[in-house]
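Enquirer: Encoded as C-alpha cells, here's the structure I'll be asking about.
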Amino acid sequence: MPRENVAQNLSPPAELEQSAAAFLRSILESCPDFIVLLSPDGRILFINHPVEGMDLERTIEASVFEFIAPESHDRARSCFQRVLATGQPASFESVGLGPYGRWTNYETRVGPVRHGGKIVGLTLITQDVSQRKDLERTLRNSRDKLELAIASTGIGLWSWDLETDEITWDETMRCLFEREQAPSSYAEYLALIHPDDRAHVHEIVQRAIQTGNYESCEHRVILPDGSTVWLCARGRPVHDDNGRVVRLIGGTRNISEQKCAEEALRQSEERYRSLVSALEEGVIMQAADGTFVACNASAERILGRSGSQIKGCMANDPRWGAIHEDGSPFPPDETPATRAMRTGVPQRNVIMGVSRPDGSRVWISVNAHPLVRSGDRHPHAAVVSFVDITEQRQAAAERERLLAEEREARRIRDEFITIASHELRTPLTPVLLNLQRLLAIYRREAAPSAETVLPKLHTVNRQIERLHRLIEEMLDISRITRGKMRIEREKVDLVPLIDEVVERFSEHLARSGCALRVLEPGRAVARCDRARTEQVVSSLLSNAIKYGPGKPIEITIEVVPASVRIRVKDHGIGIAPDDHERIFQRFERAASDRNYGGLGLGLWITRQVVEAMDGKIGVESRLGDGAAFVVELPGASG
C-alpha cells in the first residue's frame, strides 16, 4: 500500500502518537550526551547512539561496567544501588571508554525507571566533561601558582590609571618603598627613582604605552633614609575597546641581594678568569653530558686548538684520539673527567696521549675533580687540569733508549770479547805448537830438511793470515760503529779486480779442493771503493770455501742497467730461507760455530761496506743446495 494512503487511513490519535515517537527518537539521536537504559543488574538495554569507533550491537546487552574504568566501578555501583534503594535520582563522576577507545572523564546522572509502582530499571544520562575538567584543572593550577608566586617571591602589585594618573599599591609595594602611601601621581613616582635610572624607567613606560609591550625594568629606588635598593618591575598594558592603552598593571620585587650576588660573582669570576688565564696548566670545564664548556689559554696552547674548537666539543670525540701510555685507546667512559663524575672520586696524574689537528701527539698528565651543587647528589660538571709532559716523555724515552743501547753494547762487547778470545786462540795455538816443534828440530839438527820444515811453516803462515783477517774484522767493526769507515769512490773495472782476488786464493782453493769457475764479460766498470770491493769479494769467496769444501764455486759478473752484479755461488751446506736475513746481523752464523769458526761478523761487515758504497747484497739459498750471494754496485760509464 502506498505510504500516503497509510497515512490517510491513520486515525488522528495514532498519527499523533507516531509523530511524538519520531520526535522523541530525533531528540535522543541528536542529543550529544549518552542516554542509556539499564536493567537492575547493570545490562545495557538501550543507548541513544554508540560511542564513536564502537559497534552498537556489541554495546546492547553488555554490562555497563565493561565501559567504565576499574577505578570507577565502586563509585558507579554505589550510585546505582542508592537509586534502586531510594528511588531518588543521584549522580557520579567516572572515567570511561570514549571515542575510539580513549579514556574520558564523564559525569552521569542516574534516575529510576518505574512500572506498576516498582523500579524496573535505571536511566543514565552521561555527559563528557573532559574539557571542563581540563579547564578547571588549568584554572586551579594557575590560581595556585599565582597565589604561591605572590606569597613566596615578595612581589608587590601595582596599577597606574593613565586617564586619572592614579597609582594604586598593595601592602608589599609600600614595604618595598618603605612608605605608608602610594605616590599620588606618576611624576611623584618618578621622583622616588634614583636620578641615574629615571630616564631609563620613563623610556620603558612610554614605550609600553606606545607599543603595548612592557619590558622588564631593573632600577634603583631612594628610600626615606637616603639608602637605595634595587627593584625589578614587570607589567603589562590594559587596553580599552578601541585598543588604546588606558592602564598599566604589574608587579615589583626587591633584587638587591641578587644584584649584590651578581656583583660578587662578577668580581669572583674576574679573579678566577685572571688566575686561570695566568696558569701554565691547561684547564677545561666538562659538563655532565661530556661537552667542553670552557677552557683557558694554556689549554688552547697545549692542545693546539682554539677556544672555539674546544668549547662545544665532546670528550668522546674520536678526533681527540685519546690513548693510554701503552698505546691502547681510552674508552669514552673512562676518560678522567667522565670517571670522576661517574664515581664522584677525583682522578689524579692520569697519563693520556691526545692528537693535535696538525697530526702530532701531545702527552698530558691529567687531574679531574667533580663539581656538585649544594643539595645535589650527582656531579653536574668536572674541572680538568693538565700539563704538557711530551718533552719529559721524550727525554725519558731517549734515556731509556740510550740505556738499552748501552746494555746492548755491553752484551755485544762481552760476547765479542768471548768470541774474539776464542777465535784468536784458535790460530795462535797451532802457531805456537809449530814454532816450538821447529825450535826443537833446529836444536836436534843443524840443517833440517825442507820436507821437515816447510809443512810447519805453511801451517804457521795460514794461521797468521787467519789472525790477520780476524784483526782486520775487529778494526772494521770499530770503524763502522764509530762512523769512521772511509769510502773512496772511483771507476773500477771489476773484471781484473776479481781476477786478482782469485789469484790470491789459488792456493787456498787448491788446498780445499774447490774448483773455481769465473764467468765475466770483457769489461764491467762500477763506481766503488777498490780496496773495499776486494774485501767484499774476498769475504764471499772465503765463505764459499769454508761452507763448501771440495765443492765447485762459480763467480759471475754481469752488467745490468745502471749497476754491476757480482754473484758468488757455492755448492755447500746451504742456508734455510728463515735465516737469510739473520746471517747479515752481528755475531750470527747460519751453521754451528762448533764446526765453523769465525767471529760471525764477516757478512755483517760485508753488508755495511756494500751499503756504504750505495750498493746492496742478498742471498739465494736453500738447505743442502748451496748458497749464492749477490752483490750489486752502482755502474759507471767509460
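Residue numbering restarts at 1 for every chain of the C-alpha cells, chains are lettered A, B, ... in their displayed order, and ligands are numbered from 1 as they appear.
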Any idea what's packed within 9 Å of A:Ala515, counting only C-alpha atoms, ignoring anything in its chain fewer than 6 positions away? Could you give it as an NGL selection string?

Expert: :A and (509 or 550-554)

Enquirer: Would you mind exporting C-alpha atoms of the selected residues as an mmCIF file, in the first residue's frame?

Expert:
```cif
data_model
loop_
_atom_site.group_PDB
_atom_site.id
_atom_site.type_symbol
_atom_site.label_atom_id
_atom_site.label_comp_id
_atom_site.auth_asym_id
_atom_site.auth_seq_id
_atom_site.Cartn_x
_atom_site.Cartn_y
_atom_site.Cartn_z
ATOM 1 C CA LEU A 509 141.200 -23.196 -3.302
ATOM 2 C CA GLY A 550 135.577 -29.972 -2.046
ATOM 3 C CA LYS A 551 132.638 -28.480 -3.988
ATOM 4 C CA PRO A 552 132.809 -26.242 -7.095
ATOM 5 C CA ILE A 553 132.391 -22.459 -6.858
ATOM 6 C CA GLU A 554 131.180 -20.065 -9.564
#
```

Enquirer: Apply DSSP to the backbone of this structure and, from stretch 215-326 of chain A, keep only the residues in strand (DSSP E or B); write these as a PyMOL selection string.

Expert: chain A and resi 217-222+228-239+245-254+282-287+291-295+314+323

Enquirer: Restricting it to N, CA and C atoms, dump the selection as a CSV table (one decimal), in the first residue's frame.

Expert:
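Final output, saved to selection14.csv:
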```
chain,number,residue,atom,x,y,z
A,217,CYS,N,62.1,45.9,33.9
A,217,CYS,CA,62.8,47.1,34.2
A,217,CYS,C,63.5,47.0,35.5
A,218,GLU,N,64.8,47.0,35.5
A,218,GLU,CA,65.6,47.0,36.8
A,218,GLU,C,66.0,48.4,37.1
A,219,HIS,N,65.8,48.9,38.3
A,219,HIS,CA,66.2,50.2,38.7
A,219,HIS,C,66.4,50.4,40.2
A,220,ARG,N,67.0,51.5,40.5
A,220,ARG,CA,67.2,51.7,42.0
A,220,ARG,C,66.2,52.7,42.5
A,221,VAL,N,65.8,52.6,43.8
A,221,VAL,CA,64.9,53.4,44.4
A,221,VAL,C,65.5,54.1,45.6
A,222,ILE,N,65.3,55.4,45.9
A,222,ILE,CA,65.8,56.0,47.0
A,222,ILE,C,64.8,55.9,48.2
A,228,THR,N,69.6,53.2,49.1
A,228,THR,CA,69.0,52.7,47.8
A,228,THR,C,68.8,51.2,47.8
A,229,VAL,N,67.8,50.8,47.1
A,229,VAL,CA,67.6,49.3,46.9
A,229,VAL,C,67.3,49.1,45.4
A,230,TRP,N,67.7,47.9,45.0
A,230,TRP,CA,67.4,47.5,43.6
A,230,TRP,C,66.0,46.9,43.5
A,231,LEU,N,65.2,47.3,42.5
A,231,LEU,CA,63.9,46.7,42.3
A,231,LEU,C,63.8,46.3,40.8
A,232,CYS,N,63.0,45.3,40.6
A,232,CYS,CA,62.7,44.8,39.2
A,232,CYS,C,61.2,44.9,39.0
A,233,ALA,N,60.7,45.7,38.0
A,233,ALA,CA,59.3,45.8,37.8
A,233,ALA,C,59.0,45.1,36.4
A,234,ARG,N,57.9,44.4,36.5
A,234,ARG,CA,57.4,43.7,35.3
A,234,ARG,C,55.9,44.0,35.2
A,235,GLY,N,55.4,44.3,34.0
A,235,GLY,CA,54.0,44.6,33.9
A,235,GLY,C,53.4,44.3,32.5
A,236,ARG,N,52.2,44.8,32.3
A,236,ARG,CA,51.5,44.7,31.0
A,236,ARG,C,50.5,45.8,30.9
A,237,PRO,N,50.3,46.3,29.7
A,237,PRO,CA,49.2,47.3,29.4
A,237,PRO,C,47.8,46.7,29.4
A,238,VAL,N,46.8,47.5,29.7
A,238,VAL,CA,45.4,47.2,29.6
A,238,VAL,C,44.8,48.1,28.6
A,239,HIS,N,44.1,47.5,27.6
A,239,HIS,CA,43.5,48.3,26.5
A,239,HIS,C,42.0,48.5,26.7
A,245,VAL,N,45.8,52.1,25.2
A,245,VAL,CA,46.3,51.7,26.5
A,245,VAL,C,45.7,52.7,27.5
A,246,VAL,N,45.0,52.1,28.5
A,246,VAL,CA,44.4,53.0,29.5
A,246,VAL,C,44.9,52.7,30.9
A,247,ARG,N,45.7,51.6,31.1
A,247,ARG,CA,46.2,51.3,32.4
A,247,ARG,C,47.4,50.4,32.2
A,248,LEU,N,48.3,50.6,33.2
A,248,LEU,CA,49.5,49.7,33.3
A,248,LEU,C,49.4,49.0,34.6
A,249,ILE,N,49.5,47.7,34.6
A,249,ILE,CA,49.5,46.9,35.9
A,249,ILE,C,50.7,46.0,35.9
A,250,GLY,N,51.1,45.6,37.1
A,250,GLY,CA,52.3,44.7,37.2
A,250,GLY,C,52.7,44.5,38.6
A,251,GLY,N,53.9,44.0,38.7
A,251,GLY,CA,54.5,43.6,40.0
A,251,GLY,C,55.9,44.0,40.1
A,252,THR,N,56.4,44.2,41.3
A,252,THR,CA,57.8,44.7,41.6
A,252,THR,C,58.3,43.9,42.7
A,253,ARG,N,59.6,43.5,42.6
A,253,ARG,CA,60.2,42.8,43.7
A,253,ARG,C,61.6,43.3,43.9
A,254,ASN,N,62.1,43.1,45.2
A,254,ASN,CA,63.4,43.5,45.6
A,254,ASN,C,64.5,42.6,45.0
A,282,GLY,N,96.8,23.6,31.6
A,282,GLY,CA,95.6,23.8,30.8
A,282,GLY,C,94.4,23.4,31.7
A,283,VAL,N,93.3,24.2,31.6
A,283,VAL,CA,92.1,24.0,32.4
A,283,VAL,C,90.9,23.9,31.5
A,284,ILE,N,90.1,22.9,31.6
A,284,ILE,CA,88.9,22.7,30.9
A,284,ILE,C,87.7,22.4,31.8
A,285,MET,N,86.6,23.0,31.5
A,285,MET,CA,85.3,22.6,32.3
A,285,MET,C,84.5,21.7,31.4
A,286,GLN,N,84.2,20.5,31.9
A,286,GLN,CA,83.4,19.5,31.2
A,286,GLN,C,82.1,19.3,31.8
A,287,ALA,N,81.0,19.5,31.1
A,287,ALA,CA,79.7,19.3,31.6
A,287,ALA,C,79.4,17.8,31.7
A,291,THR,N,80.3,17.5,27.3
A,291,THR,CA,80.6,18.7,26.5
A,291,THR,C,81.6,19.6,27.2
A,292,PHE,N,82.6,20.1,26.4
A,292,PHE,CA,83.6,21.0,27.0
A,292,PHE,C,82.9,22.4,26.9
A,293,VAL,N,82.8,23.1,28.0
A,293,VAL,CA,82.1,24.4,28.1
A,293,VAL,C,83.0,25.6,28.3
A,294,ALA,N,84.2,25.3,28.7
A,294,ALA,CA,85.1,26.5,29.0
A,294,ALA,C,86.6,25.9,29.0
A,295,CYS,N,87.5,26.8,28.7
A,295,CYS,CA,88.9,26.5,28.7
A,295,CYS,C,89.8,27.7,28.8
A,314,MET,N,82.9,17.4,22.2
A,314,MET,CA,82.6,16.3,23.2
A,314,MET,C,83.9,15.6,23.6
A,323,ILE,N,94.7,8.1,24.0
A,323,ILE,CA,95.3,6.8,24.2
A,323,ILE,C,96.0,6.7,25.5
```

Enquirer: Which residues come within 12 Å of A:Val492, counting only C-alpha atoms, excluding same-chain residues fewer than 6 positions away, as a PyMOL selection string?

Expert: chain A and resi 498+523-534+564+633-638

Enquirer: Write out the residues from the selection above, keeping N, CA and C atoms, as a PDB file, in the first residue's frame.

Expert:
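Saved file result-v5.pdb follows:
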```pdb
ATOM      1  N   ILE A 498     138.555  -8.886  -9.764  1.00  0.00           N
ATOM      2  CA  ILE A 498     138.171 -10.218  -9.293  1.00  0.00           C
ATOM      3  C   ILE A 498     139.221 -11.245  -9.691  1.00  0.00           C
ATOM      4  N   ARG A 523     134.422  -6.349 -19.895  1.00  0.00           N
ATOM      5  CA  ARG A 523     134.617  -5.150 -19.072  1.00  0.00           C
ATOM      6  C   ARG A 523     133.350  -4.928 -18.239  1.00  0.00           C
ATOM      7  N   ALA A 524     133.531  -4.589 -16.953  1.00  0.00           N
ATOM      8  CA  ALA A 524     132.404  -4.307 -16.069  1.00  0.00           C
ATOM      9  C   ALA A 524     132.834  -3.229 -15.095  1.00  0.00           C
ATOM     10  N   VAL A 525     132.516  -1.980 -15.436  1.00  0.00           N
ATOM     11  CA  VAL A 525     133.003  -0.834 -14.662  1.00  0.00           C
ATOM     12  C   VAL A 525     131.941  -0.430 -13.624  1.00  0.00           C
ATOM     13  N   ALA A 526     132.361  -0.358 -12.368  1.00  0.00           N
ATOM     14  CA  ALA A 526     131.476   0.086 -11.289  1.00  0.00           C
ATOM     15  C   ALA A 526     132.087   1.304 -10.621  1.00  0.00           C
ATOM     16  N   ARG A 527     131.222   2.098  -9.967  1.00  0.00           N
ATOM     17  CA  ARG A 527     131.719   3.236  -9.183  1.00  0.00           C
ATOM     18  C   ARG A 527     131.735   2.788  -7.723  1.00  0.00           C
ATOM     19  N   CYS A 528     132.951   2.511  -7.216  1.00  0.00           N
ATOM     20  CA  CYS A 528     133.070   1.921  -5.889  1.00  0.00           C
ATOM     21  C   CYS A 528     134.454   2.191  -5.332  1.00  0.00           C
ATOM     22  N   ASP A 529     134.680   1.701  -4.126  1.00  0.00           N
ATOM     23  CA  ASP A 529     135.991   1.779  -3.473  1.00  0.00           C
ATOM     24  C   ASP A 529     136.735   0.486  -3.824  1.00  0.00           C
ATOM     25  N   ARG A 530     137.908   0.621  -4.474  1.00  0.00           N
ATOM     26  CA  ARG A 530     138.625  -0.547  -4.974  1.00  0.00           C
ATOM     27  C   ARG A 530     138.979  -1.507  -3.829  1.00  0.00           C
ATOM     28  N   ALA A 531     139.601  -0.982  -2.773  1.00  0.00           N
ATOM     29  CA  ALA A 531     140.056  -1.851  -1.690  1.00  0.00           C
ATOM     30  C   ALA A 531     138.871  -2.522  -0.996  1.00  0.00           C
ATOM     31  N   ARG A 532     137.769  -1.753  -0.764  1.00  0.00           N
ATOM     32  CA  ARG A 532     136.613  -2.321  -0.085  1.00  0.00           C
ATOM     33  C   ARG A 532     135.906  -3.361  -0.959  1.00  0.00           C
ATOM     34  N   THR A 533     135.930  -3.164  -2.272  1.00  0.00           N
ATOM     35  CA  THR A 533     135.320  -4.153  -3.162  1.00  0.00           C
ATOM     36  C   THR A 533     136.126  -5.448  -3.141  1.00  0.00           C
ATOM     37  N   GLU A 534     137.474  -5.341  -3.132  1.00  0.00           N
ATOM     38  CA  GLU A 534     138.312  -6.539  -2.978  1.00  0.00           C
ATOM     39  C   GLU A 534     137.981  -7.254  -1.674  1.00  0.00           C
ATOM     40  N   VAL A 564     126.393  -3.025 -11.678  1.00  0.00           N
ATOM     41  CA  VAL A 564     127.158  -4.228 -11.982  1.00  0.00           C
ATOM     42  C   VAL A 564     126.867  -5.240 -10.889  1.00  0.00           C
ATOM     43  N   LEU A 633     126.526  -3.262  -7.335  1.00  0.00           N
ATOM     44  CA  LEU A 633     127.189  -1.980  -7.117  1.00  0.00           C
ATOM     45  C   LEU A 633     126.791  -0.997  -8.211  1.00  0.00           C
ATOM     46  N   PRO A 634     126.793   0.318  -7.882  1.00  0.00           N
ATOM     47  CA  PRO A 634     126.438   1.309  -8.903  1.00  0.00           C
ATOM     48  C   PRO A 634     127.370   1.218 -10.113  1.00  0.00           C
ATOM     49  N   GLY A 635     126.792   1.256 -11.297  1.00  0.00           N
ATOM     50  CA  GLY A 635     127.597   1.194 -12.509  1.00  0.00           C
ATOM     51  C   GLY A 635     128.203   2.552 -12.840  1.00  0.00           C
ATOM     52  N   ALA A 636     129.206   2.540 -13.707  1.00  0.00           N
ATOM     53  CA  ALA A 636     129.858   3.779 -14.151  1.00  0.00           C
ATOM     54  C   ALA A 636     130.224   3.625 -15.608  1.00  0.00           C
ATOM     55  N   SER A 637     129.886   4.600 -16.428  1.00  0.00           N
ATOM     56  CA  SER A 637     130.206   4.528 -17.862  1.00  0.00           C
ATOM     57  C   SER A 637     131.666   4.876 -18.098  1.00  0.00           C
ATOM     58  N   GLY A 638     132.261   4.444 -19.274  1.00  0.00           N
ATOM     59  CA  GLY A 638     133.648   4.763 -19.638  1.00  0.00           C
ATOM     60  C   GLY A 638     134.611   3.695 -19.192  1.00  0.00           C
TER      61      GLY A 638
END
```

Enquirer: Which residue out of A:Thr172, A:Gln436, A:Met352, A:Asp165 has the minimum interatomic distance to A:Asp326 when only C-alpha atoms are used?

Expert: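 Distance minimum relative to A:Asp326 lands on A:Met352.
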
Enquirer: Which one of A:Gly42, A:Pro370, A:Gly307, A:Gly353 sits closest to A:Val384 if you count only C-alpha atoms?

Expert: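 When distances to A:Val384 are compared using only C-alpha atoms, the smallest one comes from A:Pro370.
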
Enquirer: Please compute the atom CA of A:Gly522-atom CA of A:Gly626 distance, one decimal, in Å.

Expert: 27.5 Å

Enquirer: Just the helix (DSSP H, G or I) stuff from stretch 132-380 of chain A, please, per backbone DSSP, written as number ranges by chain.

Expert: A: 132-153, 171-177, 186-192, 195-211, 256-278, 297-303, 307-310, 318-320, 332-334, 336-343

Enquirer: Would you write out those residues with C-alpha atoms, as a compact mmCIF listing (two decimals), in the first residue's frame?

Expert:
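The resulting file, selection20.txt, is reproduced below:
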```
# COMPACT_ATOMS: atom_id res chain seq x y z
CA ARG A 132 35.51 21.12 31.73
CA LYS A 133 37.83 19.05 33.92
CA ASP A 134 40.89 20.22 31.99
CA LEU A 135 39.72 23.82 32.25
CA GLU A 136 39.03 23.52 35.95
CA ARG A 137 42.41 21.89 36.48
CA THR A 138 44.14 24.60 34.46
CA LEU A 139 42.37 27.39 36.30
CA ARG A 140 43.06 25.79 39.64
CA ASN A 141 46.74 25.31 38.81
CA SER A 142 47.01 28.86 37.55
CA ARG A 143 45.37 30.24 40.64
CA ASP A 144 47.56 28.12 42.92
CA LYS A 145 50.69 29.13 41.05
CA LEU A 146 49.78 32.79 41.14
CA GLU A 147 49.00 32.74 44.84
CA LEU A 148 52.18 30.79 45.54
CA ALA A 149 54.26 33.12 43.41
CA ILE A 150 52.89 36.20 45.07
CA ALA A 151 53.25 34.73 48.54
CA SER A 152 56.75 33.26 48.09
CA THR A 153 58.53 35.89 45.99
CA GLU A 171 50.97 46.37 51.13
CA THR A 172 54.10 44.69 49.67
CA MET A 173 54.76 47.70 47.41
CA ARG A 174 54.56 50.05 50.42
CA CYS A 175 57.07 47.80 52.22
CA LEU A 176 59.42 47.78 49.22
CA PHE A 177 59.42 51.61 49.06
CA TYR A 186 53.34 59.24 38.00
CA ALA A 187 55.59 62.31 38.42
CA GLU A 188 55.77 61.70 42.17
CA TYR A 189 56.63 58.05 41.47
CA LEU A 190 59.48 59.05 39.15
CA ALA A 191 60.86 61.29 41.90
CA LEU A 192 61.40 58.16 44.02
CA PRO A 195 68.37 60.02 39.29
CA ASP A 196 70.67 57.82 37.17
CA ASP A 197 67.80 55.43 36.40
CA ARG A 198 64.85 57.80 35.87
CA ALA A 199 65.35 58.32 32.14
CA HIS A 200 65.61 54.57 31.61
CA VAL A 201 62.41 53.86 33.58
CA HIS A 202 60.50 56.66 31.82
CA GLU A 203 61.61 55.37 28.41
CA ILE A 204 60.34 51.85 29.16
CA VAL A 205 56.99 53.19 30.43
CA GLN A 206 56.46 55.39 27.37
CA ARG A 207 57.39 52.56 25.04
CA ALA A 208 54.87 50.30 26.80
CA ILE A 209 52.14 52.90 26.25
CA GLN A 210 53.02 53.27 22.58
CA THR A 211 53.71 49.66 21.65
CA SER A 256 69.16 43.93 45.92
CA GLU A 257 70.56 40.63 47.17
CA GLN A 258 70.62 39.32 43.62
CA LYS A 259 72.48 42.43 42.45
CA CYS A 260 74.99 42.09 45.28
CA ALA A 261 75.43 38.42 44.46
CA GLU A 262 75.84 39.22 40.77
CA GLU A 263 78.46 41.84 41.56
CA ALA A 264 80.29 39.48 43.91
CA LEU A 265 80.05 36.75 41.31
CA ARG A 266 81.32 39.10 38.61
CA GLN A 267 84.30 40.08 40.74
CA SER A 268 84.91 36.45 41.65
CA GLU A 269 84.71 35.43 38.01
CA GLU A 270 87.15 38.18 37.07
CA ARG A 271 89.58 36.97 39.71
CA TYR A 272 89.01 33.37 38.64
CA ARG A 273 89.49 34.17 34.97
CA SER A 274 92.65 36.15 35.71
CA LEU A 275 94.01 33.32 37.82
CA VAL A 276 93.08 30.56 35.36
CA SER A 277 94.36 32.56 32.40
CA ALA A 278 97.71 33.00 34.11
CA ALA A 297 94.68 29.91 27.02
CA SER A 298 97.11 27.24 28.21
CA ALA A 299 94.61 24.53 27.23
CA GLU A 300 94.45 26.03 23.73
CA ARG A 301 98.25 26.13 23.53
CA ILE A 302 98.82 22.59 24.81
CA LEU A 303 96.06 21.00 22.71
CA GLY A 307 88.87 28.10 22.24
CA SER A 308 86.07 27.84 19.69
CA GLN A 309 87.42 24.45 18.58
CA ILE A 310 87.48 23.17 22.16
CA PRO A 318 87.23 10.41 18.11
CA ARG A 319 89.26 13.34 16.76
CA TRP A 320 90.96 13.61 20.17
CA PRO A 332 84.87 7.05 26.16
CA ASP A 333 83.50 6.34 29.65
CA GLU A 334 86.99 6.00 31.20
CA PRO A 336 89.45 11.15 33.79
CA ALA A 337 86.61 13.72 33.89
CA THR A 338 83.93 11.21 32.92
CA ARG A 339 85.20 8.76 35.53
CA ALA A 340 85.36 11.49 38.18
CA MET A 341 81.73 12.48 37.54
CA ARG A 342 80.56 8.87 37.46
CA THR A 343 82.31 7.84 40.68
```

Enquirer: Using only C-alpha atoms, pick whichever of A:Ala22, A:Ser355, A:Val610, A:Ile566 has the shortest atom-to-atom distance to A:Arg489.

Expert: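 Distance minimum relative to A:Arg489 lands on A:Val610.
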
Enquirer: Choose the residue, out of A:Ser63, A:Thr168, A:Ser26, A:Ser91, that has the smallest atom-to-atom separation from A:His49; count only C-alpha atoms.

Expert: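 Closest residue, counting only C-alpha atoms: A:Ser26.
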
Enquirer: Would you pick out the contacts of A:Ala62 at 12 Å or less, using only C-alpha atoms, so that residues sharing its chain but fewer than 4 positions from it are not included, and give the list as a PDB file with N, CA and C atoms, in the first residue's frame?

Expert:
```pdb
ATOM      1  N   VAL A  36      21.118   6.164  28.390  1.00  0.00           N
ATOM      2  CA  VAL A  36      21.224   4.708  28.476  1.00  0.00           C
ATOM      3  C   VAL A  36      20.120   4.184  29.397  1.00  0.00           C
ATOM      4  N   LEU A  37      19.489   3.086  28.988  1.00  0.00           N
ATOM      5  CA  LEU A  37      18.528   2.370  29.818  1.00  0.00           C
ATOM      6  C   LEU A  37      19.212   1.106  30.303  1.00  0.00           C
ATOM      7  N   LEU A  38      19.300   0.973  31.674  1.00  0.00           N
ATOM      8  CA  LEU A  38      19.958  -0.168  32.292  1.00  0.00           C
ATOM      9  C   LEU A  38      18.950  -1.065  32.975  1.00  0.00           C
ATOM     10  N   SER A  39      19.230  -2.342  32.946  1.00  0.00           N
ATOM     11  CA  SER A  39      18.469  -3.267  33.773  1.00  0.00           C
ATOM     12  C   SER A  39      18.979  -3.158  35.201  1.00  0.00           C
ATOM     13  N   ASP A  41      20.378  -5.187  37.001  1.00  0.00           N
ATOM     14  CA  ASP A  41      21.690  -5.823  37.199  1.00  0.00           C
ATOM     15  C   ASP A  41      22.790  -5.198  36.352  1.00  0.00           C
ATOM     16  N   GLY A  42      22.528  -4.056  35.714  1.00  0.00           N
ATOM     17  CA  GLY A  42      23.570  -3.292  35.027  1.00  0.00           C
ATOM     18  C   GLY A  42      23.744  -3.605  33.571  1.00  0.00           C
ATOM     19  N   ARG A  43      22.837  -4.358  32.918  1.00  0.00           N
ATOM     20  CA  ARG A  43      22.954  -4.623  31.495  1.00  0.00           C
ATOM     21  C   ARG A  43      22.373  -3.455  30.701  1.00  0.00           C
ATOM     22  N   ILE A  44      23.001  -3.129  29.571  1.00  0.00           N
ATOM     23  CA  ILE A  44      22.542  -2.028  28.720  1.00  0.00           C
ATOM     24  C   ILE A  44      21.421  -2.542  27.833  1.00  0.00           C
ATOM     25  N   LEU A  45      20.199  -1.933  28.046  1.00  0.00           N
ATOM     26  CA  LEU A  45      19.050  -2.334  27.240  1.00  0.00           C
ATOM     27  C   LEU A  45      18.832  -1.395  26.063  1.00  0.00           C
ATOM     28  N   PHE A  46      19.281  -0.138  26.233  1.00  0.00           N
ATOM     29  CA  PHE A  46      19.116   0.847  25.159  1.00  0.00           C
ATOM     30  C   PHE A  46      20.189   1.915  25.333  1.00  0.00           C
ATOM     31  N   ILE A  47      20.665   2.435  24.177  1.00  0.00           N
ATOM     32  CA  ILE A  47      21.562   3.589  24.182  1.00  0.00           C
ATOM     33  C   ILE A  47      21.222   4.419  22.962  1.00  0.00           C
ATOM     34  N   ASP A  55      30.975  -0.671  18.039  1.00  0.00           N
ATOM     35  CA  ASP A  55      29.826  -1.299  17.401  1.00  0.00           C
ATOM     36  C   ASP A  55      28.623  -1.275  18.352  1.00  0.00           C
ATOM     37  N   LEU A  56      27.448  -0.835  17.817  1.00  0.00           N
ATOM     38  CA  LEU A  56      26.232  -0.756  18.642  1.00  0.00           C
ATOM     39  C   LEU A  56      25.817  -2.136  19.109  1.00  0.00           C
ATOM     40  N   GLU A  57      25.930  -3.129  18.250  1.00  0.00           N
ATOM     41  CA  GLU A  57      25.494  -4.481  18.619  1.00  0.00           C
ATOM     42  C   GLU A  57      26.314  -5.015  19.794  1.00  0.00           C
ATOM     43  N   ARG A  58      27.603  -4.618  19.851  1.00  0.00           N
ATOM     44  CA  ARG A  58      28.436  -5.054  20.986  1.00  0.00           C
ATOM     45  C   ARG A  58      28.005  -4.394  22.271  1.00  0.00           C
ATOM     46  N   GLU A  66      31.679  -2.835  31.627  1.00  0.00           N
ATOM     47  CA  GLU A  66      32.696  -3.051  30.606  1.00  0.00           C
ATOM     48  C   GLU A  66      33.200  -1.735  30.026  1.00  0.00           C
ATOM     49  N   PHE A  67      32.402  -0.664  30.186  1.00  0.00           N
ATOM     50  CA  PHE A  67      32.730   0.631  29.583  1.00  0.00           C
ATOM     51  C   PHE A  67      33.170   1.647  30.631  1.00  0.00           C
ATOM     52  N   ILE A  68      33.299   1.188  31.878  1.00  0.00           N
ATOM     53  CA  ILE A  68      33.744   2.060  32.963  1.00  0.00           C
ATOM     54  C   ILE A  68      35.095   1.560  33.449  1.00  0.00           C
TER      55      ILE A  68
END
```

Enquirer: Mind giving me the straight-line distance from atom CA of A:Leu97 to atom CA of A:Val51 in Å, one decimal?

Expert: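 Computed distance, atom CA of A:Leu97 to atom CA of A:Val51, equals 8.1 Å.
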
Enquirer: Rank nothing, just name the residue among A:Arg361, A:Gly96, A:Pro32, A:Leu122 nearest to A:Gln81, using only C-alpha atoms.

Expert: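 Among A:Arg361, A:Gly96, A:Pro32, A:Leu122, it is A:Leu122 that comes nearest to A:Gln81.
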
Enquirer: Which polymer residues have any atom within 7 Å of an atom of A:Tyr100, counting only C-alpha atoms, with same-chain residues fewer than 5 positions away left out, as a list in words?

Expert: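 After dropping sequence-adjacent residues, the list is Glu52, Gly53 and Met54 of chain A.
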
Enquirer: Could those selected residues go to a file with N, CA and C atoms, as a short mmCIF file (atom, residue, chain, number, x, y, z; two decimals), in the first residue's frame?

Expert:
```
data_model
loop_
_atom_site.label_atom_id
_atom_site.label_comp_id
_atom_site.auth_asym_id
_atom_site.auth_seq_id
_atom_site.Cartn_x
_atom_site.Cartn_y
_atom_site.Cartn_z
N GLU A 52 31.75 6.63 19.47
CA GLU A 52 32.45 6.61 18.18
C GLU A 52 33.54 5.55 18.19
N GLY A 53 33.55 4.78 17.09
CA GLY A 53 34.53 3.72 16.96
C GLY A 53 34.12 2.43 17.64
N MET A 54 32.86 2.35 18.09
CA MET A 54 32.41 1.14 18.79
C MET A 54 31.12 0.64 18.14
#
```

Enquirer: What does the structure give for the distance between atom CA of A:Pro346 and atom CA of A:Ala397, in Å to one decimal?

Expert: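 Between these atoms lies a distance of 28.7 Å.
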